[in-house]
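Coordinates from model-v7.txt are shown below (compact mmCIF, C-alpha atoms).
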# COMPACT_ATOMS: atom_id res chain seq x y z
CA MET T 205 35.67 65.32 -52.22
CA ASP T 206 32.13 64.31 -53.34
CA MET T 207 31.95 67.27 -55.71
CA LEU T 208 35.29 66.28 -57.25
CA LYS T 209 34.08 62.71 -57.68
CA TYR T 210 30.85 63.98 -59.25
CA LYS T 211 32.80 66.16 -61.72
CA ARG T 212 34.99 63.22 -62.68
CA ARG T 213 31.93 61.05 -63.26
CA SER T 214 30.33 63.82 -65.27
CA ARG T 215 33.41 64.14 -67.44
CA MET T 216 33.59 60.36 -67.80
CA PHE T 217 30.00 60.02 -68.94
CA GLY T 218 30.36 63.14 -71.04
CA ASN T 219 33.31 61.58 -72.81
CA ARG T 220 31.16 58.52 -73.54
CA GLY T 221 28.43 60.59 -75.13
CA PHE T 222 26.33 61.15 -71.97
CA PRO T 223 25.87 64.86 -71.28
CA ALA T 224 26.01 65.97 -67.64
CA ALA T 225 22.32 66.94 -67.74
CA ALA T 226 21.36 63.39 -68.68
CA LEU T 227 23.36 62.07 -65.75
CA ILE T 228 21.51 64.37 -63.37
CA VAL T 229 18.16 63.24 -64.79
CA LEU T 230 19.13 59.59 -64.34
CA GLU T 231 20.20 60.13 -60.75
CA VAL T 232 17.00 62.09 -59.93
CA PHE T 233 14.94 59.33 -61.57
CA ALA T 234 16.74 56.69 -59.51
CA ILE T 235 16.09 58.64 -56.28
CA VAL T 236 12.41 59.23 -57.08
CA THR T 237 11.95 55.59 -58.07
CA GLY T 238 13.56 54.44 -54.85
CA VAL T 239 11.29 56.69 -52.78
CA LEU T 240 8.18 55.49 -54.62
CA ILE T 241 9.15 51.86 -54.16
CA GLY T 242 9.69 52.55 -50.47
CA PHE T 243 6.22 54.09 -50.20
CA MET T 244 4.70 51.13 -52.06
CA VAL T 245 6.40 48.62 -49.77
CA ASN T 246 5.26 50.52 -46.67
CA GLU T 247 1.71 50.73 -48.01
CA TRP T 248 1.73 47.01 -48.79
CA ARG T 249 2.92 46.22 -45.27
CA GLU T 250 0.30 48.53 -43.75
CA ASN T 251 -2.50 47.02 -45.84
CA ARG T 252 -1.36 43.53 -44.91
CA ASN T 253 -1.32 44.45 -41.22
CA ASN T 254 -4.74 46.10 -41.50
CA GLN T 255 -6.12 42.98 -43.16
CA LYS T 256 -4.81 40.83 -40.31
CA ILE T 257 -6.51 43.14 -37.82
CA ALA T 258 -9.76 43.04 -39.84
CA ASN T 259 -9.66 39.23 -39.95
CA HIS T 260 -9.11 39.09 -36.21
CA ALA T 261 -12.04 41.48 -35.72
CA LEU T 262 -14.29 39.27 -37.86
CA GLN T 263 -13.26 36.26 -35.78
CA SER T 264 -14.30 38.17 -32.65
CA ILE T 265 -17.65 39.06 -34.24
CA ALA T 266 -18.15 35.43 -35.27
CA ALA T 267 -17.52 34.37 -31.64
CA GLU T 268 -20.09 36.98 -30.58
CA PHE T 269 -22.54 35.49 -33.08
CA ARG T 270 -22.00 32.01 -31.63
CA PHE T 271 -22.74 33.23 -28.12
CA ASN T 272 -25.82 35.18 -29.21
CA HIS T 273 -27.08 32.31 -31.35
CA GLN T 274 -26.96 29.93 -28.41
CA GLN T 275 -28.55 32.51 -26.09
CA MET T 276 -31.44 33.15 -28.46
CA GLU T 277 -32.11 29.49 -29.24
CA GLU T 278 -32.13 28.48 -25.56
CA ALA T 279 -34.15 31.54 -24.51
CA TYR T 280 -36.78 30.96 -27.20
CA TYR T 281 -37.61 27.43 -26.10
CA TYR T 282 -37.46 28.38 -22.42
CA TYR T 283 -39.86 31.27 -22.94
CA SER T 284 -42.13 29.13 -25.11
CA ASN T 285 -42.30 26.47 -22.40
CA ILE T 286 -43.26 29.02 -19.75
CA ILE T 287 -45.92 30.56 -22.01
CA GLN T 288 -47.42 27.12 -22.66
CA GLN T 289 -47.58 26.36 -18.95
CA ILE T 290 -49.27 29.70 -18.21
CA ASP T 291 -51.81 29.16 -20.99
CA SER T 292 -52.53 25.64 -19.73
CA LEU T 293 -53.20 27.00 -16.24
CA ARG T 294 -55.54 29.64 -17.63
CA ILE T 295 -57.46 27.02 -19.60
CA ALA T 296 -57.70 24.89 -16.45
CA GLY T 297 -59.19 27.84 -14.59
CA GLU T 298 -56.27 28.35 -12.21
CA PRO T 299 -55.88 31.82 -10.62
CA VAL T 300 -53.02 32.84 -12.90
CA GLY T 301 -53.33 36.48 -11.87
CA ASP T 302 -52.21 35.57 -8.35
CA MET T 303 -49.44 33.16 -9.30
CA TYR T 304 -45.68 33.67 -9.78
CA GLY T 305 -42.98 32.13 -11.89
CA TYR T 306 -41.47 30.01 -9.15
CA GLN T 307 -44.68 27.96 -9.15
CA LEU T 308 -43.95 26.68 -12.66
CA ASP T 309 -41.87 23.65 -13.65
CA GLY T 310 -38.41 24.50 -14.88
CA PHE T 311 -38.66 28.19 -14.05
CA ARG T 312 -35.21 29.81 -14.19
CA GLY T 313 -36.20 33.41 -13.64
CA ALA T 314 -37.08 36.22 -16.01
CA THR T 315 -33.52 37.00 -17.05
CA PRO T 316 -33.39 38.48 -20.59
CA PRO T 317 -31.06 36.85 -23.17
CA MET T 318 -28.59 39.80 -22.90
CA LEU T 319 -27.07 39.57 -26.35
CA ARG T 320 -23.54 40.82 -26.94
CA SER T 321 -22.49 43.53 -29.39
CA SER T 322 -19.17 44.70 -27.91
CA ALA T 323 -17.02 43.18 -30.70
CA TYR T 324 -19.00 44.98 -33.39
CA ASN T 325 -18.99 48.25 -31.45
CA MET T 326 -15.20 47.99 -31.10
CA VAL T 327 -14.86 47.53 -34.86
CA MET T 328 -16.93 50.66 -35.46
CA VAL T 329 -15.25 52.85 -32.84
CA THR T 330 -11.69 51.96 -33.86
CA GLY T 331 -12.35 52.39 -37.59
CA ILE T 332 -11.50 48.77 -38.44
CA ILE T 333 -14.79 48.62 -40.36
CA LYS T 334 -13.09 50.42 -43.30
CA ASP T 335 -10.83 47.39 -43.85
CA ILE T 336 -13.73 44.93 -43.95
CA PRO T 337 -15.27 44.17 -47.38
CA PHE T 338 -18.25 46.42 -48.09
CA GLU T 339 -20.76 43.59 -48.52
CA THR T 340 -19.75 42.03 -45.19
CA ALA T 341 -19.82 45.41 -43.41
CA ASN T 342 -23.25 46.17 -44.88
CA ARG T 343 -24.66 42.83 -43.72
CA LEU T 344 -23.25 43.26 -40.22
CA ALA T 345 -24.71 46.75 -39.92
CA TYR T 346 -28.17 45.43 -40.81
CA ILE T 347 -27.91 42.43 -38.48
CA TYR T 348 -26.86 44.49 -35.47
CA THR T 349 -29.61 47.02 -36.19
CA VAL T 350 -32.18 44.22 -36.03
CA GLN T 351 -30.51 42.79 -32.92
CA SER T 352 -30.75 46.18 -31.19
CA LEU T 353 -34.51 45.58 -30.86
CA ILE T 354 -33.82 42.77 -28.40
CA GLU T 355 -31.14 44.83 -26.64
CA LYS T 356 -33.61 47.69 -26.14
CA LEU T 357 -36.16 45.23 -24.76
CA ASP T 358 -33.48 43.89 -22.41
CA ASP T 359 -32.79 47.41 -21.13
CA ALA T 360 -36.46 48.11 -20.54
CA ASN T 361 -36.94 44.86 -18.65
CA MET T 362 -33.87 45.45 -16.49
CA ILE T 363 -35.44 48.72 -15.38
CA ASN T 364 -38.68 46.89 -14.57
CA PHE T 365 -36.73 44.36 -12.49
CA THR T 366 -35.67 47.11 -10.11
CA GLN T 367 -38.96 49.02 -10.01
CA ASP T 368 -41.63 46.32 -9.94
CA SER T 369 -41.59 43.82 -7.07
CA GLY T 370 -44.21 41.76 -8.85
CA PHE T 371 -42.27 41.46 -12.07
CA THR T 372 -42.30 37.65 -11.99
CA ALA T 373 -46.08 37.47 -11.67
CA LEU T 374 -47.34 35.16 -14.39
CA ARG T 375 -49.39 37.89 -16.06
CA ASN T 376 -46.21 39.97 -16.45
CA LEU T 377 -44.02 37.05 -17.48
CA ARG T 378 -46.38 36.00 -20.24
CA HIS T 379 -46.44 39.46 -21.77
CA MET T 380 -42.66 39.83 -21.64
CA PHE T 381 -41.89 36.32 -22.93
CA ILE T 382 -44.29 36.75 -25.86
CA LEU T 383 -42.39 39.90 -26.89
CA TYR T 384 -39.16 37.89 -26.94
CA THR T 385 -40.63 34.93 -28.82
CA ASP T 386 -41.91 37.37 -31.43
CA LEU T 387 -38.51 39.05 -31.87
CA ILE T 388 -36.04 36.17 -31.58
CA PRO T 389 -37.06 34.33 -34.79
CA SER T 390 -36.47 37.46 -36.87
CA VAL T 391 -33.09 38.20 -35.29
CA ILE T 392 -31.67 34.67 -35.42
CA GLY T 393 -33.14 34.20 -38.88
CA THR T 394 -31.19 37.28 -40.00
CA TYR T 395 -28.08 35.72 -38.45
CA GLN T 396 -28.64 32.64 -40.61
CA LEU T 397 -29.53 34.38 -43.85
CA LEU T 398 -27.05 37.28 -43.83
CA GLY T 399 -24.43 36.40 -41.22
CA LEU T 400 -23.70 32.77 -41.93
CA PRO T 401 -22.48 33.23 -45.55
CA VAL T 402 -19.86 35.86 -44.59
CA LEU T 403 -18.86 34.68 -41.11
CA GLU T 404 -18.75 30.89 -41.49
CA GLU T 405 -15.07 30.99 -42.47
CA TYR T 406 -14.32 33.06 -39.36
CA GLY T 407 -15.99 30.68 -36.91
CA TYR T 408 -19.76 31.18 -37.01
CA GLY T 409 -21.00 27.95 -38.55
CA MET T 410 -24.04 27.28 -36.38
CA PHE T 411 -27.34 26.23 -37.93
CA LEU T 412 -30.76 26.25 -36.31
CA SER T 413 -31.91 22.95 -34.88
CA GLU T 414 -35.05 21.47 -36.33
CA GLY T 415 -38.06 22.79 -34.44
CA ASP T 416 -40.48 25.67 -34.08
CA LEU T 417 -37.79 28.34 -34.01
CA LYS T 418 -36.30 27.21 -37.33
CA THR T 419 -39.74 26.96 -38.94
CA ILE T 420 -40.86 30.39 -37.78
CA SER T 421 -37.54 32.02 -38.65
CA GLU T 422 -37.72 30.72 -42.21
CA GLU T 423 -41.30 31.95 -42.49
CA GLN T 424 -40.37 35.45 -41.31
CA ILE T 425 -37.11 35.76 -43.26
CA ASN T 426 -36.94 35.36 -47.02
CA PHE T 427 -34.78 32.23 -47.12
CA PRO T 428 -33.84 31.04 -50.61
CA GLY T 429 -35.96 28.06 -51.56
CA SER T 430 -38.24 28.40 -48.54

As structure tokens, what does this structure read like?
Amino acid sequence: MDMLKYKRRSRMFGNRGFPAAALIVLEVFAIVTGVLIGFMVNEWRENRNNQKIANHALQSIAAEFRFNHQQMEEAYYYYSNIIQQIDSLRIAGEPVGDMYGYQLDGFRGATPPMLRSSAYNMVMVTGIIKDIPFETANRLAYIYTVQSLIEKLDDANMINFTQDSGFTALRNLRHMFILYTDLIPSVIGTYQLLGLPVLEEYGYGMFLSEGDLKTISEEQINFPGS
């Protein structure tokens, strides 16, 4: 039945000056065009879906930045306060070598800041990073590389917690807290210089409060106009 209909159409177009070969070419062209349009629509939908996933991932990373920013800022001033108290005791001639953290005002333990990087690791493992603009991905890679210095220090200190019963002795605390106060300005300064411009629209809009941490961060990082 279809073949008969096709022959009739061929004769009809042939009678109008359209050879059968031209009709076949037109039909093939229509089929190919339809397939290509279908592929284009599917690709557009896939790209749109991938972009939504990438935006959601950047929102998760921005939330991770907010948490880490707060952790670093609070930890820096806490560590600085403990260091100042220890130095004051040493100047006063107190037996610092025999003293422990609980003897200091405001002592909250030697807990490391424990920064998060799970959102970024998820983006890398799942391949979502390919749908994030190159400049943003490049900045994030650098930031998390710098942050890994604190994470490695956290890991080392956690091991010391379990192996050294005198870990909270003031001589040990001072050494550890100085390491953190040396690292934190560089890491949070990198957050501000590289992270803030690309993540502010996704939820990381935190700025450093006026104080020593902001001053030192701007001295260590090449801030425009600083």

**Prompt:** What is the atom CA of Tyr346 of chain T to atom CA of Met326 of chain T distance in Å?
**Reply:** 16.4 Å

**Neighbour list for Leu387 of chain T as a list in words, cut-off 9 Å, all atoms listed in the file, skip fewer than 5 positions in-chain** = Gln351, Leu353, Ile354, Ile382 and Ile392 of chain T

**Item:** Pick from T:Asp309, T:Asp335, T:Asp416, T:Glu268 nearest to Thr385 of chain T, counting all atoms listed in the file
**Value:** T:Asp416

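Taking atom CA of Met276 of chain T and atom CA of Ala345 of chain T as the two end points, the separation is 19.0 Å.
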
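Across the structure, atom CA of Phe365 of chain T and atom CA of Asn325 of chain T are spaced 26.3 Å apart.
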
**Message:** My list of candidates is T:Tyr384, T:Phe371, T:Phe271, T:Tyr395. Which is closest to Ile347 of chain T when distances are computed with only C-alpha atoms?
**Reply:** T:Tyr395

**Request:** Extract, using only C-alpha atoms, all DNA, RNA and protein residues at most 12 Å from segment 287-289 of chain T, discarding same-chain residues fewer than 4 positions from it, and format them as a PyMOL selection string.
**Result:** chain T and resi 280-283+293-296+298+300+303-305+307-311+374-385

**Item:** Surrounding residues of segment 254-256 of chain T excluding itself and chain neighbours under 5 positions, 9 Å, only C-alpha atoms, as an NGL selection string
**Value:** :T and (249 or 261 or 332 or 335-336)

**Request:** Dump as a ChimeraX atom specification all residues having an atom at most 12 Å from (-21.4, 47.3, -40.8), computed in the file's coordinates with only C-alpha atoms.
**Result:** /T:262,265,323-329,331-349,398-399

**Item:** Nearest to Ala279 of chain T by atom-to-atom distance, counting all atoms listed in the file, from T:Asp359, T:Glu405, T:Asp302, T:Asp386
**Value:** T:Asp386

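If only C-alpha atoms are the atoms counted, then among T:Ile286, T:Ala360, T:Ala225, T:Ala258 the closest residue to Met318 of chain T is T:Ala360.
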
**Message:** Calculated over only C-alpha atoms, which of the candidates T:Gln274, T:Thr394, T:Ser264, T:Thr372 has the smallest distance to Leu319 of chain T?
**Reply:**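 Of the candidates, the smallest distance to Leu319 of chain T is held by T:Gln274.
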
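Near Leu400 of chain T, within 8 Å and counting all atoms listed in the file, sit Tyr395, Gln396, Glu404, Tyr408, Gly409 and Met410 of chain T, not including residues fewer than 4 positions from it in the same chain.
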
**Request:** Rank nothing, just name the residue among T:Ser322, T:Ser390, T:Val350, T:Asn426 nearest to Ala267 of chain T, using only C-alpha atoms.
**Result:** T:Ser322
